[in-house]
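Undergrad: Input structure: query-v7.cif, which contains mmCIF, C-alpha atoms and all ligand atoms.
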```
data_upload
#
loop_
_atom_site.label_atom_id
_atom_site.label_comp_id
_atom_site.auth_asym_id
_atom_site.auth_seq_id
_atom_site.Cartn_x
_atom_site.Cartn_y
_atom_site.Cartn_z
CA MET A 1195 79.47 67.44 63.34
CA SER A 1196 76.92 70.14 62.79
CA SER A 1197 78.10 73.68 63.08
CA LYS A 1198 75.86 74.05 66.12
CA THR A 1199 77.81 71.32 68.01
CA THR A 1200 81.10 72.98 67.08
CA ILE A 1201 79.92 76.23 68.56
CA ASN A 1202 78.80 74.41 71.73
CA ILE A 1203 82.21 72.77 72.16
CA THR A 1204 83.95 76.07 71.64
CA LEU A 1205 81.72 77.74 74.20
CA THR A 1206 82.42 74.98 76.70
CA ASN A 1207 86.13 75.42 76.14
CA LEU A 1208 85.82 79.13 76.66
CA LEU A 1209 83.85 78.62 79.89
CA LEU A 1210 86.45 76.19 81.18
CA HIS A 1211 89.17 78.71 80.44
CA LEU A 1212 87.25 81.45 82.19
CA LEU A 1213 86.64 79.21 85.20
CA CYS A 1214 90.32 78.40 85.30
CA ILE A 1215 91.34 82.05 85.17
CA PHE A 1216 88.70 82.89 87.81
CA SER A 1217 89.97 80.26 90.24
CA ILE A 1218 93.57 81.43 89.80
CA THR A 1219 92.47 84.99 90.53
CA THR A 1220 90.53 83.89 93.62
CA SER A 1221 93.39 81.88 95.04
CA THR A 1222 95.76 84.80 94.42
CA GLN A 1223 93.47 87.07 96.43
CA GLN A 1224 93.46 84.60 99.30
CA ASP A 1225 97.24 84.22 99.31
CA HIS A 1226 97.84 87.97 99.19
CA PRO A 1227 95.90 89.96 101.78
CA PRO A 1228 94.81 93.48 100.76
CA ILE A 1229 97.40 96.22 101.00
CA PRO A 1230 96.68 99.79 102.09
CA LYS A 1231 96.28 102.32 99.34
CA PRO A 1232 99.24 104.74 99.26
CA TRP A 1233 98.37 108.28 100.32
CA PRO A 1234 97.60 110.68 97.47
CA LEU A 1235 100.56 113.00 96.80
CA GLN A 1236 98.50 115.96 97.96
CA PHE A 1237 95.37 116.10 100.05
CA HIS A 1238 93.50 118.04 102.71
CA SER A 1239 91.77 116.25 105.51
CA LYS A 1240 89.79 117.29 108.56
CA LEU A 1241 90.48 114.96 111.45
CA PHE A 1242 88.49 114.55 114.62
CA MET A 1243 91.03 113.61 117.31
CA ASN A 1244 90.47 112.00 120.67
CA TYR A 1245 93.21 111.49 123.21
CA SER A 1246 91.77 109.94 126.37
CA GLY A 1247 88.74 112.16 126.04
CA SER A 1248 90.63 115.37 125.12
CA LEU A 1249 89.13 116.35 121.78
CA SER A 1250 90.55 118.39 118.94
CA LEU A 1251 90.08 119.09 115.27
CA ILE A 1252 93.06 118.94 112.93
CA ASP A 1253 93.29 120.43 109.48
CA LEU A 1254 95.86 118.22 107.80
CA TRP A 1255 97.48 119.48 104.61
CA TYR A 1256 99.72 116.80 103.13
CA ASP A 1257 101.93 117.92 100.26
CA TRP A 1258 104.56 115.39 99.23
CA PRO A 1259 105.79 117.17 96.05
CA GLY A 1260 106.10 120.34 98.15
CA GLY A 1261 108.04 118.40 100.81
CA ARG A 1262 105.75 119.72 103.54
CA ASN A 1263 103.06 118.66 105.94
CA PHE A 1264 100.85 120.93 108.04
CA ASN A 1265 98.75 120.15 111.10
CA ILE A 1266 96.55 123.01 112.24
CA ILE A 1267 95.26 121.87 115.60
CA GLN A 1268 92.23 123.28 117.37
CA ASP A 1269 91.80 121.89 120.85
CA GLN A 1270 88.22 121.96 122.11
CA LEU A 1271 87.25 125.49 123.21
CA ASP A 1272 90.87 126.61 123.18
CA GLN A 1273 91.44 130.24 122.22
CA GLU A 1274 93.20 129.67 118.92
CA PRO A 1275 94.74 126.98 116.78
CA PHE A 1276 98.18 125.58 117.23
CA TYR A 1277 100.31 125.22 114.09
CA ASP A 1278 102.61 122.29 113.48
CA LEU A 1279 104.44 122.82 110.20
CA GLU A 1280 106.84 120.09 109.07
CA TRP A 1281 109.35 120.25 106.25
CA ASN A 1282 110.91 117.26 104.56
CA ASN A 1283 114.39 118.47 105.56
CA GLY A 1284 113.45 117.61 109.17
CA THR A 1285 112.69 121.12 110.37
CA SER A 1286 109.42 121.59 112.25
CA PHE A 1287 107.85 124.84 113.39
CA PHE A 1288 105.35 124.79 116.26
CA TYR A 1289 103.62 128.11 116.75
CA THR A 1290 100.58 130.16 117.56
CA LEU A 1291 99.74 133.32 115.65
CA HIS A 1292 97.74 135.66 117.83
CA GLY A 1293 97.54 137.20 121.27
CA PRO A 1294 100.07 137.91 123.97
CA GLN A 1295 100.81 134.19 124.25
CA ARG A 1296 101.84 133.81 120.63
CA SER A 1297 105.02 131.84 120.43
CA CYS A 1298 107.15 129.67 118.21
CA ARG A 1299 109.42 126.75 118.70
CA THR A 1300 111.48 124.94 116.11
CA ALA A 1301 112.74 121.40 116.16
CA GLN A 1302 115.18 119.56 113.97
CA LEU A 1303 114.27 115.92 113.46
CA GLU A 1304 116.22 113.22 111.70
CA VAL A 1305 113.29 112.18 109.57
CA GLY A 1306 111.31 113.99 106.95
CA ILE A 1307 107.56 113.87 106.48
CA LEU A 1308 105.66 110.65 105.89
CA ARG A 1309 106.16 109.15 102.46
CA PRO A 1310 102.98 108.43 100.46
CA ASP A 1311 103.80 104.71 100.75
CA TRP A 1312 104.53 104.84 104.49
CA LEU A 1313 102.01 102.03 105.08
CA ASP A 1314 103.99 99.58 102.94
CA GLY A 1315 104.72 96.40 104.82
CA ALA A 1316 101.85 96.87 107.27
CA THR A 1317 100.38 93.70 108.75
CA TYR A 1318 96.84 92.92 107.64
CA LEU A 1319 94.51 92.30 110.58
CA GLY A 1320 91.24 91.68 108.73
CA GLU A 1321 87.96 93.50 108.27
CA GLU A 1322 86.11 95.57 110.84
CA ARG A 1323 83.21 97.98 110.93
CA VAL A 1324 84.37 101.39 112.22
CA ASN A 1325 82.38 104.62 112.46
CA GLY A 1326 79.77 102.89 110.30
CA PHE A 1327 82.25 102.07 107.52
CA HIS A 1328 83.29 98.61 106.43
CA CYS A 1329 87.09 98.72 106.69
CA ASN A 1330 90.25 96.75 106.07
CA VAL A 1331 92.55 97.03 109.08
CA TRP A 1332 96.35 96.99 109.25
CA GLU A 1333 98.94 97.46 111.93
CA LYS A 1334 102.28 99.11 111.23
CA ALA A 1335 105.31 98.51 113.45
CA ASP A 1336 103.26 98.21 116.67
CA PHE A 1337 102.82 101.93 116.31
CA ILE A 1338 99.58 102.57 114.51
CA THR A 1339 96.40 100.72 113.57
CA TYR A 1340 94.98 101.97 110.30
CA TYR A 1341 91.42 101.58 108.98
CA GLU A 1342 90.61 102.03 105.29
CA ASP A 1343 87.20 101.81 103.62
CA VAL A 1344 86.99 98.49 101.75
CA VAL A 1345 85.20 100.02 98.75
CA THR A 1346 86.45 103.61 98.40
CA LYS A 1347 89.95 102.88 99.83
CA ARG A 1348 89.79 106.15 101.75
CA PRO A 1349 91.28 106.27 105.25
CA VAL A 1350 88.53 106.26 107.87
CA HIS A 1351 90.32 106.01 111.18
CA TRP A 1352 93.69 105.41 112.81
CA VAL A 1353 94.88 104.85 116.36
CA PHE A 1354 98.39 105.40 117.70
CA TYR A 1355 99.79 102.98 120.24
CA THR A 1356 99.40 105.74 122.83
CA GLY A 1357 95.63 105.67 122.37
CA ARG A 1358 95.50 108.92 120.42
CA SER A 1359 92.97 108.36 117.69
CA ALA A 1360 91.91 110.11 114.50
CA HIS A 1361 88.57 109.94 112.72
CA VAL A 1362 88.79 111.15 109.13
CA MET A 1363 85.91 113.57 108.54
CA THR A 1364 86.87 114.90 105.09
CA PHE A 1365 89.41 113.70 102.55
CA GLU A 1366 89.95 116.03 99.61
CA VAL A 1367 92.40 114.46 97.20
CA GLY A 1368 94.51 117.02 95.32
CA ALA A 1369 93.68 119.95 97.59
CA VAL A 1370 96.71 122.20 98.20
CA LEU A 1371 97.04 125.05 100.70
CA GLU A 1372 98.28 128.28 99.13
CA ASP A 1373 102.02 128.93 99.51
CA ALA A 1374 101.67 132.05 101.68
CA LYS A 1375 100.00 129.97 104.42
CA TRP A 1376 103.10 127.79 104.72
CA GLN A 1377 105.23 130.71 105.88
CA ALA A 1378 106.18 130.35 109.53
CA PRO A 1379 105.91 133.71 111.36
CA VAL A 1380 108.96 135.94 111.62
CA TYR A 1381 109.41 135.28 115.37
CA CYS A 1382 110.19 131.65 114.52
CA PHE A 1383 113.51 132.83 113.14
CA GLU A 1384 114.53 134.99 116.10
CA GLY A 1385 115.76 132.33 118.50
CA LYS A 1386 115.58 128.70 119.48
CA VAL A 1387 112.86 128.70 122.12
CA GLU A 1388 111.19 132.02 121.70
CA ALA A 1389 108.03 133.53 123.09
CA ALA A 1390 107.45 136.46 120.79
CA GLY A 1391 104.90 138.48 122.72
CA ARG A 1392 106.22 140.73 125.52
CA SER A 1393 104.25 138.68 128.02
CA GLY A 1394 104.88 135.35 126.31
CA GLY A 1395 106.86 133.69 129.02
CA ILE A 1396 107.18 130.30 130.55
CA GLU A 1397 103.56 129.17 130.28
CA SER A 1398 103.47 129.33 126.51
CA VAL A 1399 106.78 127.54 126.24
CA THR A 1400 105.46 124.80 128.47
CA ALA A 1401 102.27 124.57 126.46
CA ASP A 1402 104.39 124.24 123.35
CA GLY A 1403 106.43 121.50 124.96
CA GLU A 1404 103.23 119.47 125.30
CA ASP A 1405 102.35 119.96 121.68
CA LEU A 1406 105.90 119.37 120.58
CA LYS A 1407 105.50 115.85 121.91
CA ASN A 1408 102.38 115.41 119.81
CA GLY A 1409 104.28 116.54 116.76
CA GLU A 1410 107.05 114.11 117.49
CA GLU A 1411 104.52 111.34 117.83
CA ARG A 1412 103.20 112.07 114.37
CA ARG A 1413 106.70 112.40 112.97
CA GLY A 1414 107.87 109.43 114.98
CA LEU A 1415 105.99 107.28 112.50
CA GLY A 1416 108.83 107.98 110.13
CA GLY A 1417 111.53 107.62 112.73
CA LEU A 1418 110.36 104.28 114.03
CA MET A 1419 109.99 102.76 110.62
CA GLY A 1420 113.26 103.94 109.24
CA PHE A 1421 112.28 106.05 106.28
C1 LIG A 1501 87.17 109.52 123.45
O1 LIG A 1501 87.89 108.37 123.83
C2 LIG A 1501 87.51 107.81 125.07
C3 LIG A 1501 88.43 106.66 125.34
O2 LIG A 1501 89.75 107.11 125.48
C4 LIG A 1501 86.07 107.38 125.02
O3 LIG A 1501 85.67 106.89 126.25
C5 LIG A 1501 85.20 108.57 124.62
O4 LIG A 1501 83.88 108.13 124.43
C6 LIG A 1501 85.68 109.21 123.35
N1 LIG A 1501 84.94 110.43 123.08
C7 LIG A 1501 84.45 110.75 121.89
C8 LIG A 1501 83.69 112.02 121.79
O5 LIG A 1501 84.61 110.04 120.91
C1 LIG A 1502 114.03 123.41 105.90
O1 LIG A 1502 113.14 124.06 105.01
C2 LIG A 1502 112.44 125.16 105.57
C3 LIG A 1502 111.48 125.69 104.52
O2 LIG A 1502 112.13 125.97 103.33
C4 LIG A 1502 113.43 126.22 106.06
O3 LIG A 1502 112.74 127.29 106.66
C5 LIG A 1502 114.39 125.59 107.04
O4 LIG A 1502 115.36 126.51 107.43
C6 LIG A 1502 115.08 124.37 106.41
N1 LIG A 1502 115.91 123.71 107.41
C7 LIG A 1502 117.15 123.39 107.20
C8 LIG A 1502 117.85 122.65 108.29
O5 LIG A 1502 117.74 123.64 106.15
#
```
Translate the structure of the given file into structure tokens.
TA:
Amino acid sequence: MSSKTTINITLTNLLLHLLCIFSITTSTQQDHPPIPKPWPLQFHSKLFMNYSGSLSLIDLWYDWPGGRNFNIIQDQLDQEPFYDLEWNNGTSFFYTLHGPQRSCRTAQLEVGILRPDWLDGATYLGEERVNGFHCNVWEKADFITYYEDVVTKRPVHWVFYTGRSAHVMTFEVGAVLEDAKWQAPVYCFEGKVEAAGRSGGIESVTADGEDLKNGEERRGLGGLMGF
């Protein structure tokens, strides 16, 4: 055998091996559908929300190491944002900061904030084009449908079973809100259901009740899935 033939045989062997490895990899991919990427430990995201045509913008600050999660909610053309501050010990503060209507309400829930791997065990539904992005789609516990960009693995969109939907407009991995901003206002610690302003009153409490439900929906993710 010439040395050239030997090299050819070796190359053929190598190719066969590579082919073999390739086919194993391909079949593994088919047997195991894609899984959602866990959330980064800390991020800031701007969300465009739509609930049956009621629109809002949410600044979401997720901070797992800090044990805290913040939703700053601006309803369309509403006077000021509504703050939904959640701690991992189950305490939530729902408040507004300015004006005669400023108010605060606290709630004690049995679940903490979402874990970074909260999408574990989601059911893969396939691929879909959403908001112009090519996405993998999962459903978790009949509660949420979650769309993630196939290439960048960033969340693009999610829809709660209620129809409330989020479109992810920015996703800044590693962004952390300064500590001072996580301080609930002093009137949150003055009573259970408390309207702080002199003329606070029933209306603001009612308005809070509405938003409290929204907060529970977000938190309910944890409750329903038992983590
Ligand atoms: C909001 O959602 C409703 C369906 O609930 C849809 O008809 C409407 O076009 C959406 N609006 C925007 C601005 O996305
Ligand atoms: C949970 O943590 C927050 C922030 O440290 C605190 O204000 C709140 O009182 C705590 N709740 C409980 C039940 O310990």
Undergrad: Nearest residue to His1328 of chain A out of A:Pro1349, A:Pro1232, A:Gly1315, A:Pro1294, using all atoms listed in the file?
TA: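 Among the listed residues, the smallest separation from His1328 of chain A belongs to A:Pro1349.
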Undergrad: Which residues of chain A have any atom within 10 Å of an atom in ligand LIG 1502 (chain A) when counting all atoms listed in the file, and what is the closest pair of atoms for each, with the distance in Å to one decimal? Order the rows by chain and rising number and write it as a Markdown table.
TA:
```
| residue | atom | partner | partner_atom | distance |
| --- | --- | --- | --- | --- |
| A:Gly1260 | CA | A:LIG1502 | O2 | 9.7 |
| A:Gly1261 | CA | A:LIG1502 | O1 | 8.7 |
| A:Arg1262 | CA | A:LIG1502 | C3 | 8.3 |
| A:Leu1279 | CA | A:LIG1502 | C3 | 9.5 |
| A:Glu1280 | CA | A:LIG1502 | C2 | 8.3 |
| A:Trp1281 | CA | A:LIG1502 | O1 | 5.5 |
| A:Asn1282 | CA | A:LIG1502 | C1 | 7.0 |
| A:Asn1283 | CA | A:LIG1502 | C1 | 5.0 |
| A:Gly1284 | CA | A:LIG1502 | C1 | 6.7 |
| A:Thr1285 | CA | A:LIG1502 | N1 | 5.1 |
| A:Ser1286 | CA | A:LIG1502 | C1 | 8.1 |
| A:Phe1287 | CA | A:LIG1502 | O3 | 8.7 |
| A:Thr1300 | CA | A:LIG1502 | C5 | 9.5 |
| A:Ala1301 | CA | A:LIG1502 | C8 | 9.5 |
| A:Gln1302 | CA | A:LIG1502 | C8 | 7.0 |
| A:Leu1303 | CA | A:LIG1502 | C8 | 9.2 |
| A:Gly1306 | CA | A:LIG1502 | C1 | 9.9 |
| A:Trp1376 | CA | A:LIG1502 | C3 | 8.6 |
| A:Gln1377 | CA | A:LIG1502 | C3 | 8.1 |
| A:Ala1378 | CA | A:LIG1502 | O3 | 7.8 |
| A:Cys1382 | CA | A:LIG1502 | O3 | 9.3 |
| A:Phe1383 | CA | A:LIG1502 | O3 | 8.6 |
```
Undergrad: Using all atoms listed in the file, which protein or nucleic acid residues are at most 9 Å from ligand LIG 1501 (chain A), as number ranges by chain?
TA: A: 1242-1249, 1357-1359
Undergrad: Hey, what's within 10 Å of Lys1240 of chain A if we count all atoms listed in the file and toss same-chain stuff fewer than 4 positions away? As a list in words, please?
TA: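 The contact residues come out as Leu1251, Ile1252, Asp1253, Leu1254, Trp1255, Asn1265, Ile1266, Ala1360, His1361, Val1362, Met1363, Thr1364, Phe1365 and Glu1366 of chain A.
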Undergrad: Can you measure atom CA of Ala1369 of chain A to atom CA of Arg1309 of chain A for me? One decimal in Å is fine.
TA: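 Taking atom CA of Ala1369 of chain A as the start and atom CA of Arg1309 of chain A as the end point, the length is 17.2 Å.
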Undergrad: Smallest atom-to-atom distance to Pro1230 of chain A: which of A:Val1324, A:Cys1298, A:Val1350, A:Ile1307, using all atoms listed in the file?
TA: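 With all atoms listed in the file as the atom set, the closest residue is A:Val1350.
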Undergrad: Identify which of the residues A:Tyr1277, A:Asp1269, A:Lys1231, A:Thr1356 lies closest to Lys1375 of chain A, counting all atoms listed in the file when measuring atom-to-atom distances.
TA: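 That would be A:Tyr1277, the residue with the smallest distance to Lys1375 of chain A.
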Undergrad: Provide the atom CA of Ile1338 of chain A to atom CA of Glu1274 of chain A distance in Å, to one decimal place.
TA: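 Result for atom CA of Ile1338 of chain A versus atom CA of Glu1274 of chain A: 28.2 Å, one decimal.
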Undergrad: Could you work out how far atom CA of Pro1275 of chain A lies from atom CA of Leu1291 of chain A, giving the answer in Å with one decimal?
TA: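 Interatomic distance, atom CA of Leu1291 of chain A to atom CA of Pro1275 of chain A: 8.2 Å.
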Undergrad: Build an axis-aligned box that encloses every atom of segment 1223-1235 of chain A listed in the file, pad it by 5 Å on each side, and report its centre and edge lengths in Å to one decimal, as lines of an AutoDock Vina configuration file.
TA:
```
center_x = 97.0
center_y = 98.6
center_z = 99.3
size_x = 17.1
size_y = 38.8
size_z = 15.7
```
